[in-house]
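> As input, take query-v5.cif (mmCIF, C-alpha atoms):
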data_input
#
loop_
_atom_site.label_atom_id
_atom_site.label_comp_id
_atom_site.auth_asym_id
_atom_site.auth_seq_id
_atom_site.Cartn_x
_atom_site.Cartn_y
_atom_site.Cartn_z
CA VAL O 249 22.06 52.51 29.49
CA ARG O 250 21.73 55.21 26.80
CA GLY O 251 19.26 57.90 25.80
CA ARG O 252 18.12 61.35 26.87
CA ASP O 253 16.03 59.87 29.73
CA ALA O 254 18.69 57.41 30.91
CA GLY O 255 19.79 59.55 33.86
CA LYS O 256 16.22 60.26 34.92
CA ALA O 257 15.29 56.56 34.81
CA LEU O 258 18.38 55.51 36.78
CA ASP O 259 17.89 58.25 39.36
CA ARG O 260 14.33 57.05 39.94
CA LEU O 261 15.57 53.49 40.53
CA SER O 262 18.49 54.47 42.77
CA ALA O 263 18.38 55.41 46.45
CA ASN O 264 21.54 57.43 45.87
CA ALA O 265 21.59 60.25 43.29
CA VAL O 266 23.41 58.91 40.22
CA ASP O 267 22.69 61.60 37.60
CA GLY O 268 25.31 64.14 38.65
CA GLU O 269 28.53 65.18 36.95
CA ALA O 270 29.82 62.98 34.14
CA GLY O 271 32.97 61.01 34.87
CA ALA O 272 31.96 59.72 38.30
CA ILE O 273 30.89 56.39 39.78
CA THR O 274 28.14 56.16 42.41
CA TYR O 275 27.49 53.28 44.79
CA THR O 276 23.77 52.74 45.28
CA GLN O 277 20.96 50.35 46.11
CA TRP O 278 17.73 49.73 44.24
CA LEU O 279 14.68 49.17 46.43
CA ASP O 280 11.18 47.81 46.05
CA GLU O 281 8.06 49.75 46.98
CA ARG O 282 8.30 48.45 50.56
CA GLY O 283 11.76 49.99 50.87
CA ASN O 284 13.58 46.64 50.89
CA LEU O 285 16.73 45.90 48.92
CA ARG O 286 16.49 44.37 45.48
CA ALA O 287 19.90 45.28 44.06
CA ASP O 288 23.28 46.55 45.24
CA LEU O 289 25.45 47.98 42.48
CA THR O 290 27.34 50.89 40.96
CA VAL O 291 26.27 53.39 38.30
CA THR O 292 28.95 55.26 36.36
CA LYS O 293 27.90 58.36 34.44
CA LEU O 294 29.98 58.45 31.28
CA ALA O 295 28.05 61.29 29.59
CA ASP O 296 24.69 63.01 29.97
CA ASP O 297 23.03 60.30 27.90
CA ARG O 298 25.28 57.30 28.66
CA PHE O 299 25.70 55.25 31.84
CA LEU O 300 27.38 52.01 32.87
CA VAL O 301 25.58 49.85 35.45
CA VAL O 302 27.69 47.13 37.08
CA ALA O 303 26.14 44.41 39.25
CA THR O 304 27.40 41.12 40.63
CA ASP O 305 27.25 38.00 38.48
CA THR O 306 24.43 36.55 40.60
CA ALA O 307 22.29 39.69 40.11
CA HIS O 308 23.07 40.13 36.42
CA ARG O 309 19.76 39.08 34.89
CA ARG O 310 17.67 40.50 37.70
CA VAL O 311 19.24 43.93 37.31
CA GLU O 312 18.87 43.79 33.55
CA SER O 313 15.16 42.99 33.81
CA ILE O 314 14.58 45.82 36.31
CA LEU O 315 16.34 48.19 33.91
CA GLN O 316 14.35 47.02 30.91
CA ARG O 317 11.05 47.66 32.72
CA ALA O 318 12.22 51.09 33.92
CA ALA O 319 13.27 52.07 30.40
CA ALA O 320 10.11 50.81 28.68
CA ASP O 321 8.28 54.15 28.83
CA ALA O 322 11.33 56.40 28.53
CA HIS O 323 13.85 57.40 25.91
CA ALA O 324 16.36 54.99 27.43
CA PHE O 325 17.87 51.87 25.95
CA VAL O 326 19.48 49.00 27.85
CA HIS O 327 22.28 46.95 26.32
CA ASP O 328 24.06 44.07 28.04
CA ALA O 329 27.73 44.85 27.44
CA THR O 330 29.10 42.10 29.69
CA GLY O 331 30.72 40.12 26.91
CA ALA O 332 32.38 43.19 25.43
CA HIS O 333 34.62 43.84 28.44
CA ALA O 334 36.99 42.09 30.77
CA GLN O 335 37.42 43.58 34.22
CA LEU O 336 40.88 43.74 35.76
CA ASN O 337 41.24 45.04 39.30
CA VAL O 338 44.44 46.79 40.33
CA GLN O 339 44.25 47.19 44.10
CA GLY O 340 46.63 48.06 46.91
CA PRO O 341 48.84 50.90 48.20
CA LEU O 342 51.07 50.73 45.12
CA SER O 343 48.26 50.54 42.56
CA ARG O 344 48.62 54.19 41.55
CA ALA O 345 52.35 53.81 41.03
CA LEU O 346 51.78 50.75 38.85
CA LEU O 347 49.13 52.37 36.66
CA GLN O 348 51.21 55.51 36.21
CA ARG O 349 53.94 53.35 34.69
CA VAL O 350 51.67 52.03 31.94
CA THR O 351 49.58 55.08 30.98
CA THR O 352 50.15 58.65 29.85
CA ALA O 353 47.11 59.79 31.89
CA ASP O 354 47.72 61.72 35.09
CA MET O 355 46.88 59.29 37.91
CA SER O 356 47.63 61.69 40.76
CA ASN O 357 45.11 62.08 43.56
CA GLU O 358 44.33 65.61 42.39
CA ALA O 359 43.75 64.67 38.75
CA PHE O 360 42.11 61.29 39.42
CA PRO O 361 40.25 61.46 42.78
CA PHE O 362 38.26 58.72 44.49
CA ARG O 363 35.10 57.79 42.50
CA ALA O 364 36.47 59.28 39.26
CA ALA O 365 35.95 57.43 35.97
CA ARG O 366 38.19 58.18 32.96
CA LEU O 367 39.28 56.65 29.68
CA ILE O 368 43.02 55.99 29.82
CA ASP O 369 45.54 54.38 27.49
CA ILE O 370 47.37 51.20 28.45
CA GLY O 371 49.57 49.91 25.66
CA PHE O 372 47.42 49.63 22.54
CA ALA O 373 44.16 49.65 24.50
CA VAL O 374 41.79 52.40 25.56
CA VAL O 375 40.48 51.38 28.97
CA LEU O 376 37.73 52.73 31.22
CA CYS O 377 39.48 53.23 34.56
CA VAL O 378 37.31 53.72 37.65
CA ARG O 379 38.86 54.60 40.98
CA ILE O 380 36.84 52.40 43.32
CA THR O 381 37.53 49.44 45.59
CA TYR O 382 35.83 46.41 47.07
CA LEU O 383 38.89 45.66 49.19
CA GLY O 384 39.33 48.77 51.32
CA GLU O 385 42.61 49.99 49.80
CA LEU O 386 43.59 52.50 47.16
CA GLY O 387 42.55 50.79 43.94
CA TYR O 388 41.12 50.88 40.45
CA GLU O 389 38.80 48.82 38.28
CA LEU O 390 39.76 48.53 34.62
CA TYR O 391 37.14 47.76 31.98
CA VAL O 392 39.12 46.51 29.02
CA PRO O 393 37.85 45.57 25.54
CA THR O 394 37.74 41.78 25.67
CA GLU O 395 40.13 41.22 22.78
CA GLN O 396 42.77 43.38 24.49
CA ALA O 397 42.46 41.95 28.00
CA VAL O 398 45.50 39.68 27.79
CA HIS O 399 47.58 42.51 26.34
CA VAL O 400 46.64 44.87 29.20
CA HIS O 401 47.13 42.13 31.81
CA ASP O 402 50.61 41.35 30.52
CA ARG O 403 51.57 45.03 30.50
CA LEU O 404 50.48 45.37 34.13
CA MET O 405 52.30 42.26 35.29
CA ALA O 406 55.53 43.22 33.54
CA ALA O 407 55.46 46.83 34.76
CA GLY O 408 54.72 45.82 38.34
CA ALA O 409 57.24 43.01 38.75
CA ASP O 410 59.54 45.04 40.99
CA LEU O 411 56.55 46.42 42.92
CA GLY O 412 55.51 42.92 43.93
CA VAL O 413 52.37 42.73 41.79
CA ARG O 414 50.62 39.39 42.15
CA HIS O 415 47.34 37.69 41.37
CA ALA O 416 44.75 37.41 44.13
CA GLY O 417 41.70 35.17 44.25
CA LEU O 418 38.21 35.28 45.67
CA LYS O 419 39.26 34.03 49.11
CA ALA O 420 41.60 36.99 49.44
CA LEU O 421 38.77 39.25 48.28
CA ALA O 422 36.41 37.71 50.85
CA SER O 423 38.88 38.29 53.65
CA LEU O 424 39.61 41.90 52.72
CA ARG O 425 36.02 42.92 52.12
CA MET O 426 35.00 41.41 55.47
CA GLU O 427 37.65 43.44 57.30
CA LYS O 428 36.23 46.53 55.61
CA GLY O 429 32.60 45.54 56.23
CA TYR O 430 31.64 45.63 52.55
CA ARG O 431 28.31 43.95 51.82
CA ASP O 432 27.50 41.25 49.25
CA TYR O 433 23.89 41.09 48.07
CA GLY O 434 22.45 37.59 48.23
CA HIS O 435 25.03 36.58 50.82
CA ASP O 436 24.97 38.89 53.84
CA ILE O 437 22.17 41.23 52.70
CA ASP O 438 19.02 40.35 50.80
CA ASN O 439 15.49 41.42 49.90
CA THR O 440 14.27 41.01 53.48
CA ASP O 441 16.49 43.93 54.59
CA ASP O 442 15.97 47.64 54.20
CA PRO O 443 18.97 49.94 53.57
CA LEU O 444 18.84 51.45 57.06
CA MET O 445 19.20 48.15 58.89
CA ALA O 446 21.85 47.12 56.36
CA GLY O 447 23.94 50.21 57.14
CA PHE O 448 23.47 52.08 53.86
CA ASN O 449 22.45 55.42 55.36
CA PHE O 450 25.47 57.02 53.66
CA ALA O 451 24.24 55.86 50.24
CA ILE O 452 20.78 57.43 50.42
CA ASP O 453 20.08 60.84 48.91
CA TRP O 454 16.79 61.88 50.51
CA ASP O 455 16.54 64.99 48.33
CA HIS O 456 15.46 63.13 45.22
CA ASP O 457 12.51 60.86 44.46
CA PHE O 458 13.29 57.15 44.25
CA VAL O 459 11.42 53.87 44.41
CA GLY O 460 10.88 52.93 48.06
CA ARG O 461 11.42 56.45 49.45
CA ASP O 462 7.88 56.79 50.81
CA ALA O 463 8.18 53.50 52.68
CA LEU O 464 11.54 54.48 54.19
CA GLN O 465 10.58 57.98 55.29
CA PRO O 466 8.87 56.90 58.56
CA LEU O 467 12.05 54.96 59.45
CA ARG O 468 14.36 57.90 58.89
CA GLY O 469 16.16 58.89 62.08
CA VAL O 470 14.77 55.88 63.96
CA THR O 471 17.20 53.28 65.31
CA PRO O 472 16.39 49.99 63.51
CA ALA O 473 15.31 47.08 65.69
CA SER O 474 18.01 44.96 64.01
CA ARG O 475 21.21 46.12 62.36
CA LEU O 476 24.05 44.62 60.37
CA VAL O 477 27.32 45.00 62.27
CA SER O 478 30.93 43.98 61.87
CA VAL O 479 31.99 41.29 64.32
CA LEU O 480 35.56 40.32 65.21
CA CYS O 481 36.50 37.19 67.17
CA LEU O 482 39.14 38.27 69.67
CA ASP O 483 40.72 34.82 69.81
CA PRO O 484 43.00 34.43 66.75
CA GLU O 485 42.52 30.65 66.45
CA PRO O 486 38.87 29.80 65.61
CA LEU O 487 37.27 30.46 62.23
CA MET O 488 33.83 31.86 61.49
CA TYR O 489 32.00 30.94 58.33
CA HIS O 490 28.24 31.49 58.55
CA ALA O 491 25.36 31.30 61.08
CA GLU O 492 27.48 31.42 64.26
CA VAL O 493 25.33 32.73 67.14
CA LEU O 494 26.19 36.05 68.76
CA ARG O 495 25.41 36.72 72.42
CA ARG O 496 25.34 39.96 74.37
CA ASP O 497 25.70 39.44 78.13
CA GLY O 498 24.87 35.77 77.55
CA GLU O 499 21.66 36.40 75.62
CA GLU O 500 21.29 35.37 71.97
CA VAL O 501 20.80 38.53 69.90
CA GLY O 502 21.80 37.57 66.37
CA TYR O 503 23.91 35.49 64.03
CA VAL O 504 26.78 35.81 61.59
CA ARG O 505 25.62 36.09 57.99
CA ALA O 506 29.04 35.84 56.38
CA ALA O 507 32.63 35.68 57.61
CA SER O 508 36.24 35.00 56.72
CA TYR O 509 39.62 35.20 58.40
CA GLY O 510 40.92 38.76 58.72
CA HIS O 511 44.66 38.48 58.26
CA THR O 512 45.19 42.21 58.86
CA LEU O 513 43.05 42.20 62.00
CA GLY O 514 44.41 38.91 63.33
CA GLY O 515 41.14 37.09 63.82
CA ALA O 516 37.97 35.84 62.15
CA VAL O 517 35.77 38.73 61.02
CA GLY O 518 32.31 38.88 59.56
CA LEU O 519 28.97 40.64 59.22
CA ALA O 520 26.18 39.79 61.63
CA MET O 521 22.55 40.84 61.99
CA VAL O 522 21.84 41.64 65.64
CA SER O 523 18.96 43.15 67.59
CA GLY O 524 19.03 45.79 70.31
CA ASP O 525 21.83 48.04 71.52
CA VAL O 526 25.20 47.33 69.91
CA SER O 527 27.18 49.89 71.91
CA THR O 528 27.24 48.09 75.26
CA GLY O 529 27.57 44.62 76.77
CA ASP O 530 29.97 41.71 76.80
CA TRP O 531 29.87 39.95 73.44
CA THR O 532 30.64 36.35 72.59
CA VAL O 533 30.36 34.29 69.44
CA GLU O 534 29.61 30.58 69.48
CA ILE O 535 31.96 28.59 67.26
CA ASN O 536 31.79 24.80 67.16
CA GLY O 537 29.98 24.71 70.50
CA ALA O 538 32.41 26.98 72.36
CA GLN O 539 32.03 30.63 73.37
CA TYR O 540 34.72 33.12 72.32
CA PRO O 541 35.00 36.80 73.23
CA ALA O 542 34.00 39.10 70.38
CA LYS O 543 33.82 42.75 69.45
CA VAL O 544 31.04 44.33 67.39
CA SER O 545 30.94 47.68 65.62
CA LEU O 546 28.65 49.63 63.32
CA ARG O 547 31.80 50.90 61.58
CA PRO O 548 34.36 48.70 59.83
CA PHE O 549 37.30 47.59 61.94
CA TYR O 550 39.73 48.37 59.13
CA ASP O 551 40.25 52.01 58.12
CA PRO O 552 36.85 53.27 59.35
CA THR O 553 37.54 56.81 58.05
CA ASN O 554 38.35 55.63 54.48
CA ALA O 555 41.70 57.40 54.63
CA ARG O 556 43.46 54.65 52.69
CA ILE O 557 41.03 54.46 49.77
CA LYS O 558 41.12 58.25 49.36
CA ALA O 559 44.89 58.57 49.72
#
Spit out the file's structure as structure tokens when you get a sec.


Amino acid sequence: VRGRDAGKALDRLSANAVDGEAGAITYTQWLDERGNLRADLTVTKLADDRFLVVATDTAHRRVESILQRAAADAHAFVHDATGAHAQLNVQGPLSRALLQRVTTADMSNEAFPFRAARLIDIGFAVVLCVRITYLGELGYELYVPTEQAVHVHDRLMAAGADLGVRHAGLKALASLRMEKGYRDYGHDIDNTDDPLMAGFNFAIDWDHDFVGRDALQPLRGVTPASRLVSVLCLDPEPLMYHAEVLRRDGEEVGYVRAASYGHTLGGAVGLAMVSGDVSTGDWTVEINGAQYPAKVSLRPFYDPTNARIKA
């Protein structure tokens, strides 16, 4: 998104403030006038008049159409750059060490903090490197010119051979993001949820005007009737997938919206929408007709203080 009004238009769409300092990525939601979710994405400010909006593949066209309407009456121009870039994710405790081997840029925590976005060199390519994660570990997203993607990939794999670098698929991603409680729009959150019940309080900047703010204001500071929580099955054997019923003190209070096996936590883990008090009671989850003890939390079970991603 380019133009002198690009930041203003994106700020108006975004519940979080996205038009701050250049060289930073912001996680945010876009809402409708009722205050419900209609997109979950990131906005990276590259310059005062240039931004990169990244959404999931399933929300691609929807986000583009929302942007086009928002830019219609502003000096802002929307261009779909999807085909111009490949995205390579370098994630894990050794990701900084790997990237430092292949670039002349300073990748230290001081020079390249969490949420920073910089152009760096990798081999013959100039790559947009964004320090962000969808896995809950120290990590980086690389936006590589499409024609140089294989070159950058091969450099990374060769440089990281002794570090144990390996490919990981979507099932690994699903497991890790569930342990961290990261949401996926259209899967475990949707347009029937508002950001407060979905747990996005941290991603709302109330000091700026955004679509849906007026509808949310009366709900501010009020405990939602239903909330999205992390749920962990305390028995390591059964699996959770979707729609398993949660009970508090024997009473049905919600269901699992999405789940996977948490290999770090040692049990099935997921996100569930539940009603009432989540801080008390004996919890169980029904899996294949049997009741298993469970634990629920408003905070992620894995690294709730984000110490690892900011290391």

> Between O:Ser262, O:Asn337, O:Gln316, O:Asn554, which residue has the minimum interatomic distance to Leu285 of chain O, considering only C-alpha atoms?

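So, comparing all the options, the nearest one is O:Ser262.
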
> Could you list, as a ChimeraX atom specification, every residue matched by the PyMOL selection byres ((chain O and resi 311) around 12) in this structure?

/O:249,258,261-262,277-279,286-291,301-310,312-318,326-328

> Under the rule that all atoms listed in the file are counted, which of O:Ala365, O:Val493, O:Leu482, O:Ala257 is the nearest residue to His323 of chain O?

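Answer, going by the shortest atom-to-atom distance: O:Ala257.
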
> Taking (47.6, 57.9, 25.5) in the file's coordinates, which residues come within 7 Å, counting all atoms listed in the file, written as a list in words?

Thr351, Thr352, Ala353, Ile368 and Asp369 of chain O

> I'd like the neighbourhood of segment 532-543 of chain O as a CSV table (one decimal) with C-alpha atoms, keeping the file's coordinate frame, where a residue qualifies if any of its atoms comes within 6 Å (using all atoms listed in the file), though same-chain residues fewer than 4 positions away should be ignored.


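This is the output file selection_19.csv:
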chain,number,residue,atom,x,y,z
O,479,VAL,CA,32.0,41.3,64.3
O,480,LEU,CA,35.6,40.3,65.2
O,481,CYS,CA,36.5,37.2,67.2
O,482,LEU,CA,39.1,38.3,69.7
O,492,GLU,CA,27.5,31.4,64.3
O,493,VAL,CA,25.3,32.7,67.1
O,494,LEU,CA,26.2,36.0,68.8
O,495,ARG,CA,25.4,36.7,72.4

> Please evaluate the PyMOL selection byres ((chain O and resi 546) around 12) against the structure above and give the resulting residues as a ChimeraX atom specification.

/O:428-430,444-449,474-480,518-522,525-527,543-545,547-550,552

> Using atom CA of Asp497 of chain O and atom CA of Asp530 of chain O as the two end points, give the distance in Å to one decimal.

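Calculated distance between atom CA of Asp497 of chain O and atom CA of Asp530 of chain O is 5.0 Å.
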
> Which residue, O:Gln396, O:Thr553, O:Thr274, O:Ser423, has the smallest gap to Leu383 of chain O when you use only C-alpha atoms?

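Checking each of O:Gln396, O:Thr553, O:Thr274, O:Ser423 against Leu383 of chain O, counting only C-alpha atoms, the winner is O:Ser423.
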
> Which residues are near segment 386-394 of chain O? Cut-off 7 Å, all atoms listed in the file, ignore same chain within fewer than 2 positions. Put them as number ranges by chain.

O: 332-341, 343, 375-381, 396-397, 556-559

> What separation in Å, quoted to one decimal, exists between atom CA of Ile452 of chain O and atom CA of Ala265 of chain O?

7.7 Å

> Excluding segment 405-412 of chain O and any residue of its chain fewer than 4 positions from it, enumerate the residues within 10 Å of it, using only C-alpha atoms, and give them as a list in words.

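Contacts, with the query itself left out: Leu342, Ser343, Ala345, Leu346, Leu347, Gln348, Arg349, Val350, Val400 and His401 of chain O.
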